[in-house]
Amino acid sequence: MSEHTRHHLDEITTQVAECITRFGVAGEVHVDAERASLTGYGPPAEVAIGDLLERWPELSHEDRARRCLETARKLVAARRSSLPPGRPKRLLQLPGWLAPLIFFALLGGFGWWWLSRPVPKTAVAEAAAPASTSGAVDGEQRAASVCQRTRSRVMRGASVGPLDVEGWVVELALQRPSDRPFERGKLLGDFIDLDQDEPHVVWTQAPALSSLTGIGTRVEVAESSLVASGIEPRRSLVLTFMGSYIKPYFDEKARIQYVMFANALAQRAGASHGALYARCTGDSNHHIGAWFLGPTPGEAVGSLIYFMGTYASSPHVSAYALSDAAAPDRASLLDSILKSTANSSRSEIGLWLGAQGGMLAGPADGPTRITFPFKDANRASRASREIARLLEIGPG
């Protein structure tokens, strides 16, 4: 199999896995030249992909998305057709005259409460305040406040949308086992234009990103080393997307282009581990995780726990379970987590992720990607905490 063919299969696998999460189905997706299969967390399913691989290079972005969604829909239908029929629910039957009576009784009770409720003094004061005072609120403080409120909703299991973007940034973090600096011009040239005052996305296969412009729409690129005694050094590359780049991440259809961007750049950079997530501006805690990378399923889970569980207000790992968890260097922390997750089998990882709707994708002998569905934006964080507990590295 040529390198181009393998790359196209990886792209198809990623898109099909992402589409399947929209149907609320979990499992592991595998795609070869002829068929796509869905295994784990339910009956196995398999469908033919026809000429999808052969025509992939010539298909437009819209046609690729449509064909992958069609394949995902067939896989989900094949799985559901294998499930035993459920027992129909028995509905409570009410007399026809009783429902209107209950409705008007509730309506009257609510009206009496509304008219007799005490009005807080703060509400009166706010109503009396001049409307012009709202314009004096600092923009950054307002954005931070909006982001914190959205974050609280996310932690309770809510989904996010285009109206929730204020105060957020999106980050793609990649690591590779070398302390040699990334060749930014050669590496990022096809992805990010670094020659502008505000670097922006130019990767043509993600038009939802590359077409965006506007004040503050830029990509910040940061590079650092993770070095500790007795541990192989690592090089870290973090891309922070700002401005108009936030909205596509908060859109269910557009986010898949972020995932494709992450896959392609990770492959170009030779990254072994990585993550795609969002965070509030000025806050180091990571939320809304979408994509995680590792050379094996166990190490992909290690990336999940490291990037979500150690950048949390209440860490998902315990200093007592990981001897180096309290160390000041993050290289030791990552190394300890990877040692704890490396031997986990693909099947048990599939079960762990399936509980939160997570998907495993990637060849048996190649890198593994973990993705989480758009709806219920806190799934990655919950999976990180629960898997750390199952591995006995979480807080007691």
# chains A, B, ... in the order shown; residues from 1 in each chain; ligands from 1
>>> residues_around(residues="Glu183 in chain A", least_positions_apart="4", cutoff="12 Å", atoms="only C-alpha atoms", output="list in words")
Leu187, Leu188, Gly189, Glu223, Arg235, Leu237, Arg268, Ala269 and Gly270 of chain A
>>> select_by_dssp(residues="range 161-308 of chain A", states="alpha helix (DSSP H)", output="VMD selection string")
chain A and resid 184 to 188 207 to 210 246 to 249 255 to 269 297 to 304
>>> residues_around(residues="Ser318 in chain A", least_positions_apart="6", cutoff="6 Å", atoms="only C-alpha atoms", output="ChimeraX atom specification")
/A:393-395
>>> residues_around(residues="Ala364 in chain A", least_positions_apart="3", cutoff="10 Å", atoms="only C-alpha atoms", output="ChimeraX atom specification")
/A:30,295-297,346,361,367-368
>>> write_last_selection(atoms="N, CA and C atoms", output="short mmCIF file (atom, residue, chain, number, x, y, z; two decimals), in the first residue's frame")
data_model
loop_
_atom_site.label_atom_id
_atom_site.label_comp_id
_atom_site.auth_asym_id
_atom_site.auth_seq_id
_atom_site.Cartn_x
_atom_site.Cartn_y
_atom_site.Cartn_z
N HIS A 30 -12.90 1.02 11.31
CA HIS A 30 -11.78 0.60 10.47
C HIS A 30 -12.24 0.64 9.02
N PRO A 295 0.85 6.76 19.60
CA PRO A 295 1.33 5.71 18.70
C PRO A 295 0.61 4.38 18.87
N THR A 296 -0.03 4.17 20.00
CA THR A 296 -0.81 2.97 20.29
C THR A 296 -2.10 3.40 20.99
N PRO A 297 -3.10 2.51 21.08
CA PRO A 297 -4.31 2.87 21.82
C PRO A 297 -4.03 3.28 23.26
N ARG A 346 -6.60 -2.83 23.43
CA ARG A 346 -7.49 -2.08 22.54
C ARG A 346 -8.96 -2.32 22.90
N ALA A 361 -9.78 5.18 16.28
CA ALA A 361 -9.55 5.03 14.85
C ALA A 361 -8.06 4.93 14.59
N PRO A 367 -0.49 4.85 14.21
CA PRO A 367 -0.97 5.75 15.25
C PRO A 367 -2.47 5.61 15.48
N THR A 368 -2.87 5.90 16.71
CA THR A 368 -4.28 5.80 17.10
C THR A 368 -4.81 7.18 17.42
#
>>> residues_around(residues="Gln15 in chain A", least_positions_apart="6", cutoff="10 Å", atoms="only C-alpha atoms", output="PDB file with C-alpha atoms, in the first residue's frame")
ATOM      1  CA  LEU A   9      -7.614   5.753   4.243  1.00  0.00           C
ATOM      2  CA  ARG A  64     -16.187  13.809   0.700  1.00  0.00           C
ATOM      3  CA  ALA A  65     -18.291  14.874   3.683  1.00  0.00           C
ATOM      4  CA  ARG A  67     -19.989  10.190   1.132  1.00  0.00           C
ATOM      5  CA  CYS A  68     -18.510   9.718   4.625  1.00  0.00           C
ATOM      6  CA  LEU A  69     -21.810  10.694   6.256  1.00  0.00           C
ATOM      7  CA  THR A  71     -21.143   5.455   4.982  1.00  0.00           C
ATOM      8  CA  ALA A  72     -21.559   6.304   8.670  1.00  0.00           C
ATOM      9  CA  ILE A 256     -14.443  17.959  11.554  1.00  0.00           C
ATOM     10  CA  GLN A 257     -12.165  20.252   9.517  1.00  0.00           C
ATOM     11  CA  VAL A 259      -9.866  17.274  13.255  1.00  0.00           C
ATOM     12  CA  MET A 260      -8.625  16.836   9.671  1.00  0.00           C
TER      13      MET A 260
END
>>> closest_residue(among="A:Asp335, A:Leu293, A:Asp251, A:Thr240", to="Val160 in chain A", atoms="only C-alpha atoms")
A:Asp251
>>> atom_distance(atom1="CA of Thr150 in chain A", atom2="CA of Gly243 in chain A")
17.1 Å
>>> residues_around(residues="Leu75 in chain A", least_positions_apart="5", cutoff="9 Å", atoms="only C-alpha atoms", output="PyMOL selection string")
chain A and resi 20+36-38+45-47+70+80
>>> atom_distance(atom1="CA of Val31 in chain A", atom2="CA of His8 in chain A")
10.2 Å
>>> atom_distance(atom1="CA of Thr5 in chain A", atom2="CA of Ala271 in chain A")
19.9 Å
>>> closest_residue(among="A:Ile12, A:Ala278, A:Ala144, A:Leu106", to="Ala377 in chain A", atoms="only C-alpha atoms")
A:Ala278
>>> residues_around(residues="Ala383 in chain A", least_positions_apart="3", cutoff="10 Å", atoms="only C-alpha atoms", output="PyMOL selection string")
chain A and resi 301+304-305+308-309+352-358+372+378-380+386-389
>>> closest_residue(among="A:Leu334, A:Leu239, A:Ala17, A:Val169", to="Pro199 in chain A", atoms="only C-alpha atoms")
A:Leu239
